[in-house]
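> Sharing data.txt (compact mmCIF, C-alpha atoms and all ligand atoms) below.
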# COMPACT_ATOMS: atom_id res chain seq x y z
CA MET A 1 -156.32 -217.52 -50.51
CA LEU A 2 -158.96 -220.24 -50.03
CA PHE A 3 -160.60 -218.68 -47.00
CA ARG A 4 -161.34 -215.14 -45.98
CA LYS A 5 -161.69 -213.67 -42.50
CA LYS A 6 -165.15 -212.24 -41.89
CA GLU A 7 -166.82 -210.37 -39.04
CA GLU A 8 -170.47 -210.86 -38.13
CA LEU A 9 -172.13 -209.12 -35.17
CA GLY A 10 -168.76 -208.38 -33.63
CA LYS A 11 -167.46 -211.96 -33.85
CA TRP A 12 -165.06 -213.44 -36.38
CA GLY A 13 -165.00 -216.54 -38.54
CA PHE A 14 -164.04 -217.62 -42.04
CA VAL A 15 -165.87 -217.95 -45.33
CA ASP A 16 -164.79 -219.92 -48.40
CA ILE A 17 -164.36 -218.50 -51.92
CA ASN A 18 -168.15 -218.65 -52.42
CA GLY A 19 -168.75 -216.68 -49.24
CA LYS A 20 -170.04 -219.76 -47.41
CA PRO A 21 -169.08 -219.94 -43.72
CA ILE A 22 -166.69 -222.78 -42.84
CA CYS A 23 -167.08 -222.32 -39.10
CA GLU A 24 -169.29 -220.61 -36.56
CA PHE A 25 -168.72 -216.88 -36.04
CA ILE A 26 -167.75 -217.17 -32.39
CA TYR A 27 -164.20 -215.84 -32.29
CA ASP A 28 -162.96 -212.57 -30.87
CA ASP A 29 -160.03 -212.57 -33.26
CA VAL A 30 -158.72 -214.76 -36.07
CA ARG A 31 -155.56 -214.79 -38.16
CA ASP A 32 -155.05 -215.88 -41.76
CA PHE A 33 -154.58 -219.56 -42.59
CA SER A 34 -151.03 -220.80 -42.80
CA GLU A 35 -150.43 -224.36 -44.01
CA GLY A 36 -154.12 -225.14 -43.63
CA ILE A 37 -154.36 -224.00 -40.00
CA ALA A 38 -155.58 -220.65 -38.64
CA ALA A 39 -155.12 -219.12 -35.19
CA VAL A 40 -158.40 -218.19 -33.46
CA LYS A 41 -159.06 -216.37 -30.20
CA ILE A 42 -161.87 -216.59 -27.65
CA GLY A 43 -161.64 -214.14 -24.77
CA ASP A 44 -157.93 -213.86 -24.09
CA LYS A 45 -157.07 -217.43 -25.15
CA TRP A 46 -155.85 -218.71 -28.50
CA GLY A 47 -156.13 -221.99 -30.37
CA TYR A 48 -156.34 -223.18 -33.95
CA ILE A 49 -158.90 -224.35 -36.47
CA ASN A 50 -158.34 -226.35 -39.66
CA GLU A 51 -159.83 -225.83 -43.13
CA GLN A 52 -162.85 -227.91 -42.17
CA GLY A 53 -163.54 -225.31 -39.50
CA ASP A 54 -162.83 -227.79 -36.67
CA GLU A 55 -160.84 -226.68 -33.67
CA ILE A 56 -157.74 -228.88 -33.60
CA CYS A 57 -157.06 -228.16 -29.93
CA GLU A 58 -158.66 -226.48 -26.95
CA ILE A 59 -158.70 -222.69 -27.11
CA ARG A 60 -156.45 -222.37 -24.09
CA TYR A 61 -153.12 -220.84 -25.05
CA ASP A 62 -151.86 -217.40 -24.05
CA ALA A 63 -150.18 -216.92 -27.42
CA VAL A 64 -149.82 -218.91 -30.63
CA GLY A 65 -147.70 -218.57 -33.75
CA ASP A 66 -148.74 -219.27 -37.32
CA PHE A 67 -148.01 -222.77 -38.56
CA GLN A 68 -144.64 -223.27 -40.23
CA SER A 69 -143.23 -226.58 -41.39
CA LYS A 70 -146.38 -228.26 -40.03
CA LEU A 71 -145.82 -226.96 -36.49
CA GLY A 72 -147.29 -224.10 -34.50
CA VAL A 73 -145.51 -222.67 -31.47
CA VAL A 74 -147.86 -222.14 -28.51
CA GLU A 75 -147.39 -220.54 -25.12
CA LYS A 76 -149.12 -221.44 -21.89
CA GLU A 77 -148.17 -220.08 -18.48
CA GLY A 78 -144.87 -218.83 -19.87
CA LYS A 79 -143.93 -222.21 -21.34
CA LYS A 80 -143.59 -222.74 -25.06
CA CYS A 81 -144.04 -225.90 -27.03
CA TYR A 82 -145.17 -227.02 -30.46
CA LEU A 83 -148.48 -228.34 -31.69
CA ASN A 84 -148.72 -230.58 -34.74
CA THR A 85 -151.57 -230.34 -37.25
CA SER A 86 -153.62 -232.72 -35.07
CA GLY A 87 -153.28 -230.31 -32.14
CA GLU A 88 -150.98 -232.57 -30.14
CA GLU A 89 -148.10 -231.05 -28.22
CA VAL A 90 -144.85 -232.25 -29.73
CA ALA A 91 -141.16 -231.62 -29.42
CA VAL A 92 -138.89 -231.30 -32.45
CA THR A 93 -136.13 -233.80 -31.89
CA ASN A 94 -132.93 -234.19 -33.81
CA PHE A 95 -132.04 -237.63 -35.12
CA MET A 96 -130.06 -238.37 -31.96
CA GLY A 97 -133.31 -238.05 -30.02
CA GLU A 98 -132.57 -234.69 -28.37
CA GLU A 99 -135.16 -231.95 -28.29
CA MET A 100 -134.24 -228.89 -30.36
CA VAL A 101 -135.54 -225.71 -28.78
CA PHE A 102 -136.35 -222.73 -30.97
CA GLU A 103 -139.22 -220.45 -31.95
CA GLY A 104 -140.57 -219.64 -35.36
CA CYS A 105 -138.52 -220.40 -38.41
CA LYS A 106 -136.21 -223.38 -38.00
CA SER A 107 -133.85 -222.25 -40.77
CA CYS A 108 -133.44 -218.83 -39.10
CA ALA A 109 -132.84 -220.61 -35.78
CA ILE A 110 -130.09 -222.66 -37.40
CA GLY A 111 -128.65 -219.54 -39.06
CA ASP A 112 -128.43 -217.55 -35.83
CA HIS A 113 -127.27 -220.49 -33.66
CA THR A 114 -130.42 -220.55 -31.50
CA ILE A 115 -130.44 -224.32 -31.94
CA THR A 116 -127.43 -225.51 -30.02
CA ASN A 117 -127.64 -229.25 -30.63
CA LEU A 118 -127.45 -229.69 -34.38
CA PRO A 119 -126.01 -233.15 -35.00
CA GLY A 120 -122.61 -232.59 -36.59
CA GLY A 121 -122.72 -228.84 -35.89
CA TYR A 122 -121.81 -226.41 -38.64
CA LEU A 123 -119.74 -227.94 -41.43
CA TYR A 124 -119.07 -224.53 -42.93
CA GLU A 125 -120.30 -221.05 -42.23
CA ASN A 126 -119.83 -217.50 -43.40
CA GLU A 127 -121.86 -214.29 -43.11
CA PHE A 128 -124.46 -215.51 -45.64
CA ILE A 129 -124.37 -219.29 -45.72
CA ASN A 130 -124.42 -222.17 -43.27
CA VAL A 131 -123.77 -225.78 -44.16
CA THR A 132 -125.11 -228.47 -41.84
CA ILE A 133 -126.37 -232.00 -42.07
CA ASP A 134 -130.12 -232.37 -41.89
CA PRO A 135 -130.77 -232.43 -38.13
CA GLU A 136 -133.87 -234.63 -38.30
CA ILE A 137 -133.18 -237.09 -41.09
CA PRO A 138 -130.29 -239.52 -40.72
CA ILE A 139 -128.91 -240.10 -44.20
CA ARG A 140 -125.20 -240.44 -44.90
CA GLY A 141 -123.99 -237.19 -46.46
CA PHE A 142 -127.39 -235.44 -46.44
CA ILE A 143 -126.15 -231.86 -46.50
CA VAL A 144 -128.31 -228.76 -46.10
CA ILE A 145 -127.16 -225.42 -47.47
CA GLY A 146 -128.94 -222.76 -45.49
CA ILE A 147 -128.95 -219.03 -46.01
CA LYS A 148 -129.14 -216.35 -43.35
CA LYS A 149 -131.92 -214.49 -45.13
CA HIS A 150 -135.58 -215.34 -44.55
CA VAL A 151 -136.73 -215.59 -48.17
CA ASP A 152 -138.66 -218.38 -49.86
CA THR A 153 -136.97 -218.37 -53.24
CA THR A 154 -133.59 -217.61 -54.77
CA THR A 155 -135.18 -215.07 -57.09
CA LYS A 156 -135.33 -212.79 -54.03
CA LEU A 157 -131.56 -212.97 -53.59
CA THR A 158 -128.86 -210.89 -55.20
CA LYS A 159 -126.76 -212.30 -57.99
CA ASP A 160 -123.76 -212.49 -55.66
CA GLU A 161 -125.82 -214.45 -53.14
CA ARG A 162 -127.01 -216.89 -55.79
CA MET A 163 -123.42 -217.30 -56.99
CA ALA A 164 -122.35 -217.96 -53.40
CA ILE A 165 -124.91 -220.77 -53.14
CA GLU A 166 -123.64 -222.32 -56.38
CA GLU A 167 -120.06 -222.01 -55.22
CA ILE A 168 -120.64 -223.73 -51.87
CA THR A 169 -122.82 -226.36 -53.58
CA ASN A 170 -119.90 -227.19 -55.82
CA LYS A 171 -117.50 -227.38 -52.86
CA VAL A 172 -119.86 -229.71 -51.00
CA LYS A 173 -120.28 -231.93 -54.06
CA LEU A 174 -116.52 -232.08 -54.55
CA ALA A 175 -116.09 -233.05 -50.90
CA LEU A 176 -118.76 -235.74 -51.17
CA GLU A 177 -117.21 -237.11 -54.37
CA GLN A 178 -113.81 -237.13 -52.72
CA LEU A 179 -115.36 -239.28 -49.99
CA GLY A 180 -116.77 -241.72 -52.53
CA ALA A 181 -120.27 -240.39 -53.09
CA ARG A 182 -121.78 -240.87 -56.54
CA ASN A 183 -125.09 -239.89 -58.15
CA ILE A 184 -125.61 -236.85 -55.97
CA LEU A 185 -129.13 -235.49 -55.81
CA LEU A 186 -129.92 -231.78 -55.49
CA PHE A 187 -133.23 -230.48 -54.22
CA GLU A 188 -134.53 -227.01 -53.56
CA ASP A 189 -137.18 -226.70 -50.91
CA GLY A 190 -139.68 -224.47 -52.66
CA PHE A 191 -142.47 -225.19 -50.19
CA SER A 192 -140.78 -223.72 -47.15
CA GLU A 193 -140.97 -220.04 -46.24
CA HIS A 194 -137.22 -220.15 -45.87
CA TYR A 195 -135.28 -221.33 -48.89
CA ARG A 196 -132.75 -224.10 -48.48
CA ARG A 197 -130.93 -226.49 -50.73
CA TRP A 198 -130.50 -230.17 -50.04
CA ILE A 199 -127.62 -232.25 -51.32
CA ILE A 200 -128.11 -236.00 -50.96
CA PRO A 201 -125.72 -238.65 -52.20
CA SER A 202 -127.81 -241.55 -53.43
CA ASP A 203 -127.34 -244.86 -51.67
CA ASP A 204 -128.27 -248.41 -52.65
CA TRP A 205 -131.17 -248.64 -50.22
CA MET A 206 -132.87 -245.63 -51.86
CA PHE A 207 -133.36 -247.45 -55.14
CA GLN A 208 -136.34 -249.35 -53.74
CA PHE A 209 -138.04 -245.94 -53.87
CA GLY A 210 -137.16 -245.24 -57.49
CA ARG A 211 -133.74 -243.60 -57.84
CA GLY A 212 -134.32 -240.77 -55.43
CA LYS A 213 -137.51 -239.59 -57.02
CA ASN A 214 -139.57 -240.11 -53.89
CA LEU A 215 -137.88 -237.94 -51.33
CA LYS A 216 -140.71 -238.30 -48.82
CA GLN A 217 -140.45 -242.10 -48.82
CA ILE A 218 -136.67 -241.90 -48.56
CA THR A 219 -136.69 -239.55 -45.57
CA THR A 220 -139.46 -241.50 -43.82
CA TYR A 221 -137.52 -244.73 -44.30
CA ALA A 222 -134.33 -243.13 -42.95
CA ARG A 223 -136.05 -241.76 -39.87
CA LYS A 224 -137.55 -245.16 -39.08
CA ASN A 225 -134.75 -247.52 -39.91
CA MET A 226 -131.30 -246.05 -39.24
CA SER A 227 -129.55 -247.60 -36.25
CA LEU A 228 -127.52 -245.70 -33.68
CA GLU A 229 -124.33 -247.14 -35.19
CA GLU A 230 -125.33 -245.87 -38.63
CA LYS A 231 -126.15 -242.44 -37.20
CA LYS A 232 -122.73 -242.28 -35.54
CA ASP A 233 -121.18 -243.23 -38.86
CA PHE A 234 -123.08 -240.36 -40.51
CA LEU A 235 -121.69 -237.95 -37.90
CA ARG A 236 -118.14 -239.13 -38.61
CA PHE A 237 -118.81 -238.75 -42.34
CA ALA A 238 -120.08 -235.20 -41.75
CA ASP A 239 -116.91 -234.42 -39.86
CA ARG A 240 -114.82 -235.50 -42.83
CA VAL A 241 -116.91 -233.26 -45.11
CA LYS A 242 -116.32 -230.43 -42.63
CA GLN A 243 -112.56 -230.96 -42.72
CA ILE A 244 -112.51 -230.85 -46.51
CA LEU A 245 -114.75 -227.75 -46.68
CA ASN A 246 -112.51 -225.87 -44.29
CA SER A 247 -109.18 -227.02 -45.72
CA ASN A 248 -109.10 -224.79 -48.79
ZN ZN A 301 -136.30 -218.11 -41.73
Transcribe the structure of this file into structure tokens.

Amino acid sequence: MLFRKKEELGKWGFVDINGKPICEFIYDDVRDFSEGIAAVKIGDKWGYINEQGDEICEIRYDAVGDFQSKLGVVEKEGKKCYLNTSGEEVAVTNFMGEEMVFEGCKSCAIGDHTITNLPGGYLYENEFINVTIDPEIPIRGFIVIGIKKHVDTTTKLTKDERMAIEEITNKVKLALEQLGARNILLFEDGFSEHYRRWIIPSDDWMFQFGRGKNLKQITTYARKNMSLEEKKDFLRFADRVKQILNSN
């Protein structure tokens, strides 16, 4: 914990590890930092400050959530939306350009079907696992294995649950190989509060970024450069994966 909540004369603020204030003590309530952003309250309104102690937005929301995946959900006059780390109101859109509406953890929202417009839908699902394509990043065969348990690491799962993840991973890889994929990359998202596993078949265009070592560059490139035709092709590809996963 880099910063600590502290009360002075009935008002709240934060101090760093040396006890030095990082902001003025003007808040009626504050919450712990999450992803470098903390919720702060003045009167009955909420906003956020960053680790420099600067308010990233006006303190004007009726309710705010803690930041997750670089977004904070905020509520104003009964309406909810998201703020990014610069304090701008944003919508989370899928790669077909449609807004995805959910609150809190995106992986939980996928698990419980709160998000109703996942591109490609659910390729496979059981009581513990859901298999989808990444809703925001258009890459051919980019498969996400999600779990319906809000834990940040597989070490918090049972052995059976870990085995189930391995088993479905193998099925997905077999399906991808059957459809011609080679050099399949596996990633675990260890930075998210909700564990997920990514399976990405490498593609020629990725090699400009060093054989899949630079995932951030690869996903940024895909978001910027994939055409509508390519995205539709990825949806058809996902459908073929789905057929194979559900055929045996
Ligand atoms: Zn979750």
> As a list in words, please: every protein or nucleic acid residue near ligand ZN 301 (chain A) (cut-off 6 Å, counting only C-alpha atoms and all ligand atoms).
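Counting only what the definition allows, namely only C-alpha atoms and all ligand atoms, the set is Cys105, Ser107, Cys108, His150 and His194 of chain A.
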> Could you tell me how far CA of Trp46 in chain A sits from CA of Glu58 in chain A, in Å to one decimal place?
8.4 Å
> In Å, with one decimal, what is the gap from CA of Ala38 in chain A to CA of Val101 in chain A?
22.9 Å
> Using all atoms listed in the file, which protein or nucleic acid residues come within 12 Å of Glu177 in chain A? Drop anything in the same chain fewer than 6 positions from it, and give the result as an MDAnalysis selection string.
chainID A and resid 141 170:171 183:184 199:202 240:241 244
> Output as JSON lines one row per residue of range 93-212 of chain A within 9 Å of range 219-226 of chain A: the closest atom pair and its distance in Å to one decimal place, counting only C-alpha atoms, sorted by chain and residue number ascending.

{"residue": "A:Phe95", "atom": "CA", "partner": "A:Arg223", "partner_atom": "CA", "distance": 7.5}
{"residue": "A:Glu136", "atom": "CA", "partner": "A:Arg223", "partner_atom": "CA", "distance": 7.6}
{"residue": "A:Ile137", "atom": "CA", "partner": "A:Arg223", "partner_atom": "CA", "distance": 5.6}
{"residue": "A:Pro138", "atom": "CA", "partner": "A:Ala222", "partner_atom": "CA", "distance": 5.9}
{"residue": "A:Ile139", "atom": "CA", "partner": "A:Ala222", "partner_atom": "CA", "distance": 6.3}
{"residue": "A:Met206", "atom": "CA", "partner": "A:Tyr221", "partner_atom": "CA", "distance": 8.9}
> Which one of A:Gly47, A:Glu229, A:Lys159, A:Asp54 sits closest to Val73 in chain A if you count all atoms listed in the file?
A:Gly47
> Quick one: residues within 9 Å of Asp189 in chain A, all atoms listed in the file, excluding same-chain residues fewer than 6 positions away - as a list in words?
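My reading of the contact set: Asp152, Thr153, Tyr195, Arg196, Arg197 and Trp198 of chain A.
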> Considering all atoms listed in the file, tabulate each residue of range 39-69 of chain A that lies at most 9 Å from range 82-85 of chain A along with its nearest interatomic pair and the corresponding distance in Å to one decimal; arrange the rows by chain and ascending residue number and present them as JSON lines.

{"residue": "A:Asn50", "atom": "CA", "partner": "A:Thr85", "partner_atom": "CA", "distance": 8.2}
{"residue": "A:Ile56", "atom": "CA", "partner": "A:Thr85", "partner_atom": "CA", "distance": 7.3}
{"residue": "A:Cys57", "atom": "CA", "partner": "A:Leu83", "partner_atom": "CA", "distance": 8.8}
{"residue": "A:Phe67", "atom": "CA", "partner": "A:Thr85", "partner_atom": "CA", "distance": 8.5}
> Let's have the selection written as a PDB file, in the coordinates of the input, with C-alpha atoms.

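This went into result32.pdb:
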ATOM      1  CA  ASN A  50    -158.340-226.350 -39.660  1.00  0.00           C
ATOM      2  CA  ILE A  56    -157.740-228.880 -33.600  1.00  0.00           C
ATOM      3  CA  CYS A  57    -157.060-228.160 -29.930  1.00  0.00           C
ATOM      4  CA  PHE A  67    -148.010-222.770 -38.560  1.00  0.00           C
TER       5      PHE A  67
END
> List every protein, DNA or RNA residue with an atom no more than 12 Å from (-128.0, -220.1, -33.7) in the file's coordinates, counting all atoms listed in the file, and format the result as a list in words.
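It turns out the residues near that spot are Met100, Val101, Phe102, Glu103, Cys105, Lys106, Ser107, Cys108, Ala109, Ile110, Gly111, Asp112, His113, Thr114, Ile115, Thr116, Asn117, Leu118, Gly121, Tyr122, Glu125, Asn130 and Lys148 of chain A.
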> Measuring atom to atom with only C-alpha atoms, identify which of A:Lys45, A:Arg140, A:Val30, A:Phe187 is nearest to Glu230 in chain A.
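Smallest separation from Glu230 in chain A among the options: A:Arg140.
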> What's the 10 Å shell around Pro21 in chain A, counting all atoms listed in the file, without same-chain residues fewer than 4 positions away, as a ChimeraX atom specification?
/A:3-6,13-17,25,53
> Distance CA of Glu51 in chain A-CA of Glu7 in chain A, one decimal place?
17.5 Å
> For Gly65 in chain A, which residue among A:Ser86, A:Gln52, A:Gln208, A:Ser34 is the nearest when counting all atoms listed in the file?
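When distances to Gly65 in chain A are compared using all atoms listed in the file, the smallest one comes from A:Ser34.
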> With 3 Å on each side, where is the centre of the axis-aligned box around all listed atoms of range 180-189 of chain A, and how long are its edges in Å to one decimal, as JSON?

{"center_x": -127.0, "center_y": -234.2, "center_z": -54.5, "size_x": 26.4, "size_y": 21.0, "size_z": 13.2}
> My list of candidates is A:Gly10, A:Ile49, A:Lys213, A:Thr158. Which is closest to Ile22 in chain A when distances are computed with all atoms listed in the file?
A:Ile49
> Skipping near chain neighbours, those fewer than 2 positions away, what residues fall within 10 Å of Glu77 in chain A using all atoms listed in the file, listed as a VMD selection string?
chain A and resid 61 to 63 75 79 to 80
> So which one's closest to Glu167 in chain A, A:Leu71, A:Leu245, A:Arg236, A:Asp44? Using all atoms listed in the file, please.
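Residue with the minimum atom-to-atom distance to Glu167 in chain A: A:Leu245.
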